[in-house]
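Reading through the structure tokens given below for one structure.
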Amino acid sequence: MKVLMLGWEFPPFKSGGLGTYLYGFTKSLSKKGVKVTFVMPSTGVKINPGFIEVIQAEDYSHLDLVEIKGFDLHPYAPSYSNVVRDKAEIGLSSGSESDKSINAYGMDFFSKVRSYTVSTVKRMAKRECDIIHCHDWMTFPAGIALKERKKKPLVVTIHSTEFDRTGNLAPNSLICDIESKGLHKADKVITISNYMKNQLIERYQVPAQKIQVVYNGIDKDSYTTESSSFGLNEKVVLFLGRLTIQKGPDWFLEAAYQVLQLRPNTRFVFVGDGDMLPSLINKSIAMGISDKVVFSGFQDEVKRFYSLADLFVMSSVSEPFGLTALEAMASKTPVIISKQSGVSEVINHCFKVDFWDVNEMTNKIIGILDNSSLSNEMKKNAFIELKNFSWDFVADECMQVYRSLN
Amino acid sequence: MPAICLYFHVHQPLRLRHYSLFDIGRNNNYFDDSANKFYLERASRKCYLSTNKVLLDLIKKHGEKFKFCFSITGVFLDQLEEHFPETVESFQELVDTGNVELFDETYYHSLAYLVSEKEFVKQVNMHSKKFKKVFGVKPKIFRNTEAMYSNEIAKTVSDMHFKGIVSEGLSHILGWRSPNFVYNAKGSKIKVLLRNYKLADDIAFRFSSREWKEWPLTADKYAFWLSSNRGHCVNLFMDYETFGEHQWESTGIFNFLNHLPKEVLKYDNLEFATASEIISDFPAVGEFDVPYISSWADVDRDLSAWLENEMQKEAFTKIKDLEESVLASRNSKLIQDWRKMQISDHFYYMCTKWFSDGDVHKYFNPYDSPYESFLNYSNVLADLNNRLKD
């Protein structure tokens, strides 16, 4: 079986979970005999084995990687996140939302997506395939055009929607339109949790029977389970994710403040970048806890942070899945996750809180930091629980979807 | 001629309310009164009142030919007296017929024996006193929490002048021997009554299971099985909540119970007997030697449901270590709260054994996870500790 797969990031060129997902997923697919042609916007960086540590160049041999030159496309470009915040602030002002968005994104962005689509379709027009499989909205226009031209089934996987990325505050209507069109033109929609499935039904009126839930996988052996430390006699609580409204870093900071009132010997580490960084720094100064809070910025290599931490907190406001929770579990770090996440449907050996319930988050953070018996049991059992997640499962389920369409 | 000994254990847990770090030092109301009342009402309605009525009618119908045994925890009776006195009266009415034998146990359905022998004796005496007051009866038979049993426990209970004690019919101890006889406890004079878990669990666990090849279980079939048993007695010990709670009314469980005595009494070789009658009518045929504590729980028949993982052990060590200082405080409310924290259910909720499998245990677990249960418990203990300093 030949699959033409369209995505927008792939290791090492990644900013988030999608790259990790596509790497594990396509590797497993090819192991099972599926021939994958992977199309993505050019990264502008030549693959250089000396520079890539974890992923060797030959690791790409399992797929046919096609880069469409001249487009550095990315839904999380810094300007994007600023838009989100600006829009939230100007939410009541007059004028058409979409006009403002285009301007704030830069006119450039949407025209770039359009010409990327044209180039991709042109380049892939002759490529043979049985299935076209797209990941998230930027690739949808190209996927739809290729489906119509080739008369082949289109599968789309939704990893997050515009509503998630903007914390529901100010979704961009142009992007919503593209998402909607892709969902309705697709022959089958795959998504990564029931949490997301319900959103697609409610917000985009996708028929329930068209949606298949396939939970994320993880390559758990690639994480280090040995804990390390900063060399300070302090407990470390980790936040790892984009510092955007979606991920709820501000709720985590509120909890950090409360924890520090009761357990001053604790350090809070934020790994990730995003438009909220300045306000988080300012807030931590205003709270008088800046000496206990570390902002590391975006990190290519996150594994060591998991092993440094005594606890990982995922305080997302809206999290379609939450692969970081599985990564922490694979590193034998105890986990607190927000109930507003897909991963909370499928893992048991963790604490679950509402992202807005700062008191309860504090209660649970201190509970884990204070009680090694709790922490030990949780991480031991969570590690065992990971047997339910693998890229092979993901590949198997997606292959069933492919077969059902052929 | 096997005598059939029916024994029902009656208890409801005392659920803790959500008790956060921010409650410590501010609030010593630990229990979720409304949830406890809700479950008590549900159990009263679905099980206690209806089953009591079936049993009372059966006694009226069969007279002295139908008899059985109960044990009821003190902490459960307290709750009933407060919220549903009519259910207490319904139990009293049954006991007043004279066809019902009562067993003693620990007042708090607790792990008291593991705290200390002194605490255990104290809680058993409290329970005896409660039964005297509520039912006007002094039991001669003892059943420890979850049928926890060992030679040492038997010795302690024997020294308290009980004549008989309940244990699981532990096949790894019995070997080739049958549970359908009375045994002597090793190292003491007390007689041991062994649960026939095969036949008891046919009712308690398998009754409504459609995958079971014997489904549906009818009273006449079951009576036939009983009559084919060898030995002196068949001890059918189970949770009273089997009737109407574990096995819902729609499974036909009440119908089964209603017909059982009639079907049993059709056989010349069967009769109903109380535990006391059994130990006085039948000689002990051998020695029952249990060097380590066993129980009737799950497949393991040991303490692992309560005291296996790190959290359970830590929580238990903390409550145990408070004994001396709590008792020294002479603060009766504090002592009572400390005892309520020894209730075995709290530790059961922290069990991780079946948690991943989405087991039936979840139906009875008020927590989302064993971790929530542990954290709640730890916070309450932190407050107990605080109160000691006052």
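In the structure tokens, chains take the letters A, B, ... in the order shown, each chain's residues start at 1, and ligands count up from 1 in the order shown.
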Specify as number ranges by chain all residues of chain A found within 6 Å of chain B, counting only C-alpha atoms. A: 363, 373-374
Using only C-alpha atoms, which residues sit within 12 Å of Pro264 of chain A once same-chain residues fewer than 4 positions away are excluded, as a ChimeraX atom specification? /A:233-236,256-260,268,288-289,291-293,366,369
Contacts of His135 of chain A within 6 Å, only C-alpha atoms, excl. fewer than 3 positions in-chain, as an MDAnalysis selection string: chainID A and resid 7 156:157
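Going from atom CA of Lys303 of chain A to atom CA of Thr225 of chain A covers 9.7 Å.
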List as a list in words the protein and nucleic acid residues near segment 154-156 of chain B, meaning an atom at most 7 Å away when only C-alpha atoms are counted, but skip any in the same chain fewer than 3 places from it. Tyr149, Ser150, Asn151, Asp159, Met160, Ala185, Gly187, Ser188 and Ile190 of chain B
Leaving out Lys387 of chain A and any residue of its chain fewer than 3 positions from it, which residues lie within 12 Å of it when counting only C-alpha atoms, given as a compact mmCIF listing (two decimals) with N, CA and C atoms, in the first residue's frame?
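result.txt, freshly written:
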# COMPACT_ATOMS: atom_id res chain seq x y z
N GLY A 217 0.76 7.18 20.35
CA GLY A 217 1.68 6.14 20.83
C GLY A 217 2.88 6.78 21.49
N ILE A 218 3.79 5.95 21.90
CA ILE A 218 5.05 6.47 22.43
C ILE A 218 6.11 5.39 22.28
N ASP A 219 7.33 5.83 22.04
CA ASP A 219 8.44 4.90 22.00
C ASP A 219 9.12 4.98 23.36
N LYS A 220 8.60 4.18 24.32
CA LYS A 220 8.96 4.45 25.70
C LYS A 220 10.42 4.12 26.02
N ASP A 221 11.01 3.25 25.20
CA ASP A 221 12.40 2.89 25.50
C ASP A 221 13.39 3.99 25.16
N LEU A 326 2.63 11.26 28.49
CA LEU A 326 3.20 9.93 28.27
C LEU A 326 4.73 9.99 28.33
N MET A 329 5.75 9.97 31.87
CA MET A 329 5.55 8.63 32.43
C MET A 329 6.67 7.69 31.99
N ALA A 330 7.09 7.85 30.73
CA ALA A 330 8.17 7.00 30.22
C ALA A 330 9.49 7.32 30.91
N VAL A 346 -7.45 8.06 28.94
CA VAL A 346 -6.81 6.75 28.79
C VAL A 346 -5.73 6.43 29.79
N ILE A 347 -5.36 7.36 30.66
CA ILE A 347 -4.39 6.97 31.68
C ILE A 347 -5.02 7.07 33.07
N ASN A 381 3.63 2.37 38.49
CA ASN A 381 2.46 1.85 37.79
C ASN A 381 2.21 2.56 36.46
N ALA A 382 2.55 3.85 36.42
CA ALA A 382 2.36 4.61 35.17
C ALA A 382 3.27 4.05 34.08
N PHE A 383 4.46 3.68 34.47
CA PHE A 383 5.40 3.13 33.49
C PHE A 383 4.84 1.82 32.91
N ILE A 384 4.27 1.01 33.79
CA ILE A 384 3.66 -0.24 33.33
C ILE A 384 2.46 0.05 32.41
N SER A 390 1.60 2.40 21.80
CA SER A 390 2.77 2.23 20.96
C SER A 390 2.44 2.71 19.56
N TRP A 391 3.48 3.08 18.81
CA TRP A 391 3.25 3.53 17.44
C TRP A 391 2.77 2.38 16.57
N ASP A 392 3.09 1.16 16.98
CA ASP A 392 2.57 0.01 16.24
C ASP A 392 1.05 -0.07 16.33
N PHE A 393 0.51 0.23 17.52
CA PHE A 393 -0.96 0.25 17.65
C PHE A 393 -1.54 1.32 16.74
N SER B 356 -5.98 -1.01 37.15
CA SER B 356 -5.86 -0.84 35.70
C SER B 356 -6.93 -1.60 34.94
Considering only C-alpha atoms, return as a PyMOL selection string whatever protein or nucleic-acid residues lie within 8 Å of segment 233-237 of chain B, sequence-local ones (same chain, fewer than 4 positions apart) excluded. chain B and resi 1-9+179-182+193-197+199-200+226+229+278
Go ahead and save the residues from that selection, with C-alpha atoms, as a JSON list (two decimals), in the first residue's frame.
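File produced: selection32.json:
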[["chain", "number", "residue", "atom", "x", "y", "z"],
["B", 1, "MET", "CA", -25.66, -35.06, 57.52],
["B", 2, "PRO", "CA", -24.34, -31.61, 56.71],
["B", 3, "ALA", "CA", -25.81, -28.76, 58.68],
["B", 4, "ILE", "CA", -26.16, -25.60, 56.63],
["B", 5, "CYS", "CA", -24.82, -22.53, 58.37],
["B", 6, "LEU", "CA", -25.81, -19.27, 56.70],
["B", 7, "TYR", "CA", -23.88, -16.26, 57.96],
["B", 8, "PHE", "CA", -24.26, -12.72, 56.66],
["B", 9, "HIS", "CA", -21.82, -9.91, 57.33],
["B", 179, "PRO", "CA", -13.84, -27.23, 54.99],
["B", 180, "ASN", "CA", -17.06, -29.06, 55.87],
["B", 181, "PHE", "CA", -15.86, -29.98, 59.36],
["B", 182, "VAL", "CA", -15.11, -28.22, 62.61],
["B", 193, "LEU", "CA", -15.63, -22.54, 61.31],
["B", 194, "LEU", "CA", -14.41, -22.61, 57.74],
["B", 195, "ARG", "CA", -16.17, -20.89, 54.89],
["B", 196, "ASN", "CA", -17.01, -23.19, 51.99],
["B", 197, "TYR", "CA", -15.91, -20.62, 49.43],
["B", 199, "LEU", "CA", -20.56, -22.90, 47.42],
["B", 200, "ALA", "CA", -20.73, -19.48, 49.10],
["B", 226, "LEU", "CA", -25.71, -28.98, 49.23],
["B", 229, "ASN", "CA", -21.82, -32.59, 50.20],
["B", 278, "ILE", "CA", -22.43, -26.64, 64.91]]
What lies within 8 Å of Val115 of chain B using only C-alpha atoms, ignoring chain neighbours under 5 positions off, as an MDAnalysis selection string? chainID B and resid 120 320 323
Can you list every residue in segment 113-256 of chain B that DSSP puts in alpha helix (DSSP H), as an MDAnalysis selection string? chainID B and resid 113:115 117:135 151:159 171:174 197:204 219:227 253:256
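Note that the spacing between atom CA of Val3 of chain A and atom CA of Glu148 of chain A amounts to 15.7 Å.
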Residue among A:Ser227, A:Asp177, A:Pro249, A:Glu319 lying closest to Ser307 of chain A, counting only C-alpha atoms: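 Nearest candidate to Ser307 of chain A out of A:Ser227, A:Asp177, A:Pro249, A:Glu319: A:Ser227.
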